[in-house]
file work_3.tsv (TSV, C-alpha atoms)
chain	number	residue	atom	x	y	z
A	1	MET	CA	4.59	-8.04	6.86
A	2	PRO	CA	2.24	-5.07	7.34
A	3	VAL	CA	0.00	-4.45	4.35
A	4	ASN	CA	0.97	-0.76	4.24
A	5	THR	CA	4.63	-1.73	3.89
A	6	VAL	CA	3.87	-3.93	0.90
A	7	TYR	CA	1.78	-1.19	-0.73
A	8	ALA	CA	4.55	1.36	-0.12
A	9	TRP	CA	7.03	-1.00	-1.75
A	10	ARG	CA	4.72	-1.37	-4.73
A	11	THR	CA	4.61	2.39	-5.30
A	12	LYS	CA	8.43	2.46	-5.23
A	13	GLY	CA	8.80	-0.47	-7.63
A	14	TYR	CA	10.20	-2.75	-4.92
A	15	GLY	CA	8.90	-6.13	-3.87
A	16	PRO	CA	7.26	-8.96	-5.76
A	17	THR	CA	5.09	-8.32	-8.80
A	18	GLY	CA	1.50	-7.62	-7.78
A	19	ARG	CA	-1.60	-7.87	-9.90
A	20	ARG	CA	-4.67	-5.74	-9.46
A	21	VAL	CA	-7.91	-7.69	-9.05
A	22	GLY	CA	-10.70	-5.16	-8.75
A	23	LYS	CA	-9.66	-2.78	-6.01
A	24	TYR	CA	-7.21	-5.25	-4.48
A	25	VAL	CA	-3.62	-6.14	-5.25
A	26	ARG	CA	-2.85	-9.84	-5.23
A	27	TYR	CA	0.47	-11.67	-5.34
A	28	LEU	CA	1.09	-15.11	-6.81
A	29	PRO	CA	2.82	-17.34	-4.23
A	30	GLY	CA	5.51	-18.31	-6.75
A	31	ASP	CA	6.30	-14.64	-7.43
A	32	VAL	CA	6.66	-13.97	-3.70
A	33	GLU	CA	8.86	-17.03	-3.16
A	34	GLN	CA	11.09	-16.07	-6.10
A	35	TRP	CA	11.40	-12.50	-4.85
A	36	VAL	CA	12.37	-13.69	-1.34
A	37	THR	CA	14.94	-16.07	-2.84
A	38	ASP	CA	16.38	-13.29	-4.98
A	39	GLN	CA	16.75	-11.04	-1.93
A	40	GLY	CA	19.02	-13.61	-0.29
A	41	ASN	CA	21.23	-13.64	-3.39
A	42	SER	CA	21.79	-9.87	-3.54
call {"tool": "encode", "arguments": {"input": "work_3.tsv", "output": "structure tokens"}}
result
Amino acid sequence: MPVNTVYAWRTKGYGPTGRRVGKYVRYLPGDVEQWVTDQGNS
């Protein structure tokens, strides 16, 4: 997944929950896995 796509999703409120660490956005693996699972159930 291109980083710019993930950042664009974040600005639109889509995608897994990200957390800002300094100037970076980080994602917990469990949050990403849950989000992917939820996408298959939509």
call {"tool": "closest_residue", "arguments": {"input": "work_3.tsv", "among": "A:Met1, A:Gly15, A:Arg26, A:Val21", "to": "A:Asp38", "atoms": "all atoms listed in the file"}}
result
A:Gly15
call {"tool": "atom_distance", "arguments": {"input": "work_3.tsv", "atom1": "atom CA of A:Glu33", "atom2": "atom CA of A:Pro16"}}
result
8.6 Å
call {"tool": "atom_distance", "arguments": {"input": "work_3.tsv", "atom1": "atom CA of A:Val25", "atom2": "atom CA of A:Asn41"}}
result
26.0 Å
call {"tool": "residues_around", "arguments": {"input": "work_3.tsv", "residues": "stretch 22-24 of chain A", "least_positions_apart": "4", "cutoff": "12 Å", "atoms": "only C-alpha atoms", "output": "PyMOL selection string"}}
result
chain A and resi 3+7+18
call {"tool": "atom_distance", "arguments": {"input": "work_3.tsv", "atom1": "atom CA of A:Arg20", "atom2": "atom CA of A:Val6"}}
result
13.5 Å
call {"tool": "residues_around", "arguments": {"input": "work_3.tsv", "residues": "A:Thr17", "least_positions_apart": "6", "cutoff": "8 Å", "atoms": "only C-alpha atoms", "output": "list in words"}}
result
Tyr27, Asp31 and Val32 of chain A
call {"tool": "build_atoms", "arguments": {"input": "work_3.tsv", "residues": "stretch 9-40 of chain A", "atoms": "N, CA and C atoms", "output": "PDB file, keeping the file's coordinate frame"}}
result
ATOM      1  N   TRP A   9       6.038  -0.409  -0.867  1.00  0.00           N
ATOM      2  CA  TRP A   9       7.030  -1.000  -1.750  1.00  0.00           C
ATOM      3  C   TRP A   9       6.552  -0.988  -3.183  1.00  0.00           C
ATOM      4  N   ARG A  10       5.280  -1.306  -3.368  1.00  0.00           N
ATOM      5  CA  ARG A  10       4.720  -1.370  -4.730  1.00  0.00           C
ATOM      6  C   ARG A  10       4.812  -0.018  -5.413  1.00  0.00           C
ATOM      7  N   THR A  11       4.540   1.052  -4.696  1.00  0.00           N
ATOM      8  CA  THR A  11       4.610   2.390  -5.300  1.00  0.00           C
ATOM      9  C   THR A  11       6.036   2.767  -5.654  1.00  0.00           C
ATOM     10  N   LYS A  12       7.017   2.160  -4.968  1.00  0.00           N
ATOM     11  CA  LYS A  12       8.430   2.460  -5.230  1.00  0.00           C
ATOM     12  C   LYS A  12       9.060   1.464  -6.200  1.00  0.00           C
ATOM     13  N   GLY A  13       8.273   0.511  -6.695  1.00  0.00           N
ATOM     14  CA  GLY A  13       8.800  -0.470  -7.630  1.00  0.00           C
ATOM     15  C   GLY A  13       9.624  -1.563  -6.974  1.00  0.00           C
ATOM     16  N   TYR A  14       9.459  -1.749  -5.673  1.00  0.00           N
ATOM     17  CA  TYR A  14      10.200  -2.750  -4.920  1.00  0.00           C
ATOM     18  C   TYR A  14       9.237  -3.860  -4.534  1.00  0.00           C
ATOM     19  N   GLY A  15       9.752  -5.029  -4.293  1.00  0.00           N
ATOM     20  CA  GLY A  15       8.900  -6.130  -3.870  1.00  0.00           C
ATOM     21  C   GLY A  15       8.460  -6.988  -5.034  1.00  0.00           C
ATOM     22  N   PRO A  16       7.714  -8.052  -4.710  1.00  0.00           N
ATOM     23  CA  PRO A  16       7.260  -8.960  -5.760  1.00  0.00           C
ATOM     24  C   PRO A  16       6.228  -8.285  -6.668  1.00  0.00           C
ATOM     25  N   THR A  17       6.051  -8.847  -7.841  1.00  0.00           N
ATOM     26  CA  THR A  17       5.090  -8.320  -8.800  1.00  0.00           C
ATOM     27  C   THR A  17       3.672  -8.571  -8.290  1.00  0.00           C
ATOM     28  N   GLY A  18       2.888  -7.509  -8.205  1.00  0.00           N
ATOM     29  CA  GLY A  18       1.500  -7.620  -7.780  1.00  0.00           C
ATOM     30  C   GLY A  18       0.574  -7.436  -8.961  1.00  0.00           C
ATOM     31  N   ARG A  19      -0.600  -7.996  -8.850  1.00  0.00           N
ATOM     32  CA  ARG A  19      -1.600  -7.870  -9.900  1.00  0.00           C
ATOM     33  C   ARG A  19      -2.878  -7.317  -9.290  1.00  0.00           C
ATOM     34  N   ARG A  20      -3.445  -6.344  -9.955  1.00  0.00           N
ATOM     35  CA  ARG A  20      -4.670  -5.740  -9.460  1.00  0.00           C
ATOM     36  C   ARG A  20      -5.856  -6.615  -9.850  1.00  0.00           C
ATOM     37  N   VAL A  21      -6.669  -6.938  -8.851  1.00  0.00           N
ATOM     38  CA  VAL A  21      -7.910  -7.690  -9.050  1.00  0.00           C
ATOM     39  C   VAL A  21      -9.001  -6.841  -8.427  1.00  0.00           C
ATOM     40  N   GLY A  22      -9.725  -6.106  -9.278  1.00  0.00           N
ATOM     41  CA  GLY A  22     -10.700  -5.160  -8.750  1.00  0.00           C
ATOM     42  C   GLY A  22      -9.970  -4.057  -8.028  1.00  0.00           C
ATOM     43  N   LYS A  23     -10.337  -3.819  -6.786  1.00  0.00           N
ATOM     44  CA  LYS A  23      -9.660  -2.780  -6.010  1.00  0.00           C
ATOM     45  C   LYS A  23      -8.522  -3.318  -5.156  1.00  0.00           C
ATOM     46  N   TYR A  24      -8.240  -4.612  -5.290  1.00  0.00           N
ATOM     47  CA  TYR A  24      -7.210  -5.250  -4.480  1.00  0.00           C
ATOM     48  C   TYR A  24      -5.977  -5.583  -5.294  1.00  0.00           C
ATOM     49  N   VAL A  25      -4.853  -5.678  -4.620  1.00  0.00           N
ATOM     50  CA  VAL A  25      -3.620  -6.140  -5.250  1.00  0.00           C
ATOM     51  C   VAL A  25      -3.347  -7.533  -4.702  1.00  0.00           C
ATOM     52  N   ARG A  26      -3.115  -8.456  -5.614  1.00  0.00           N
ATOM     53  CA  ARG A  26      -2.850  -9.840  -5.230  1.00  0.00           C
ATOM     54  C   ARG A  26      -1.476 -10.249  -5.727  1.00  0.00           C
ATOM     55  N   TYR A  27      -0.868 -11.188  -5.015  1.00  0.00           N
ATOM     56  CA  TYR A  27       0.470 -11.670  -5.340  1.00  0.00           C
ATOM     57  C   TYR A  27       0.416 -13.181  -5.519  1.00  0.00           C
ATOM     58  N   LEU A  28       1.002 -13.670  -6.611  1.00  0.00           N
ATOM     59  CA  LEU A  28       1.090 -15.110  -6.810  1.00  0.00           C
ATOM     60  C   LEU A  28       2.152 -15.671  -5.858  1.00  0.00           C
ATOM     61  N   PRO A  29       1.848 -16.781  -5.180  1.00  0.00           N
ATOM     62  CA  PRO A  29       2.820 -17.340  -4.230  1.00  0.00           C
ATOM     63  C   PRO A  29       4.191 -17.591  -4.856  1.00  0.00           C
ATOM     64  N   GLY A  30       4.227 -18.058  -6.083  1.00  0.00           N
ATOM     65  CA  GLY A  30       5.510 -18.310  -6.750  1.00  0.00           C
ATOM     66  C   GLY A  30       6.307 -17.039  -6.957  1.00  0.00           C
ATOM     67  N   ASP A  31       5.623 -15.926  -7.266  1.00  0.00           N
ATOM     68  CA  ASP A  31       6.300 -14.640  -7.430  1.00  0.00           C
ATOM     69  C   ASP A  31       6.908 -14.173  -6.114  1.00  0.00           C
ATOM     70  N   VAL A  32       6.173 -14.373  -5.025  1.00  0.00           N
ATOM     71  CA  VAL A  32       6.660 -13.970  -3.700  1.00  0.00           C
ATOM     72  C   VAL A  32       7.859 -14.824  -3.307  1.00  0.00           C
ATOM     73  N   GLU A  33       7.756 -16.129  -3.503  1.00  0.00           N
ATOM     74  CA  GLU A  33       8.860 -17.030  -3.160  1.00  0.00           C
ATOM     75  C   GLU A  33      10.117 -16.691  -3.959  1.00  0.00           C
ATOM     76  N   GLN A  34       9.935 -16.415  -5.257  1.00  0.00           N
ATOM     77  CA  GLN A  34      11.090 -16.070  -6.100  1.00  0.00           C
ATOM     78  C   GLN A  34      11.713 -14.761  -5.642  1.00  0.00           C
ATOM     79  N   TRP A  35      10.896 -13.788  -5.303  1.00  0.00           N
ATOM     80  CA  TRP A  35      11.400 -12.500  -4.850  1.00  0.00           C
ATOM     81  C   TRP A  35      12.192 -12.657  -3.545  1.00  0.00           C
ATOM     82  N   VAL A  36      11.668 -13.458  -2.621  1.00  0.00           N
ATOM     83  CA  VAL A  36      12.370 -13.690  -1.340  1.00  0.00           C
ATOM     84  C   VAL A  36      13.700 -14.387  -1.617  1.00  0.00           C
ATOM     85  N   THR A  37      13.696 -15.370  -2.491  1.00  0.00           N
ATOM     86  CA  THR A  37      14.940 -16.070  -2.840  1.00  0.00           C
ATOM     87  C   THR A  37      15.947 -15.108  -3.444  1.00  0.00           C
ATOM     88  N   ASP A  38      15.488 -14.248  -4.339  1.00  0.00           N
ATOM     89  CA  ASP A  38      16.380 -13.290  -4.980  1.00  0.00           C
ATOM     90  C   ASP A  38      16.969 -12.301  -3.975  1.00  0.00           C
ATOM     91  N   GLN A  39      16.241 -11.972  -2.927  1.00  0.00           N
ATOM     92  CA  GLN A  39      16.750 -11.040  -1.930  1.00  0.00           C
ATOM     93  C   GLN A  39      17.928 -11.627  -1.163  1.00  0.00           C
ATOM     94  N   GLY A  40      17.916 -12.939  -0.969  1.00  0.00           N
ATOM     95  CA  GLY A  40      19.020 -13.610  -0.290  1.00  0.00           C
ATOM     96  C   GLY A  40      20.269 -13.690  -1.149  1.00  0.00           C
TER      97      GLY A  40
END
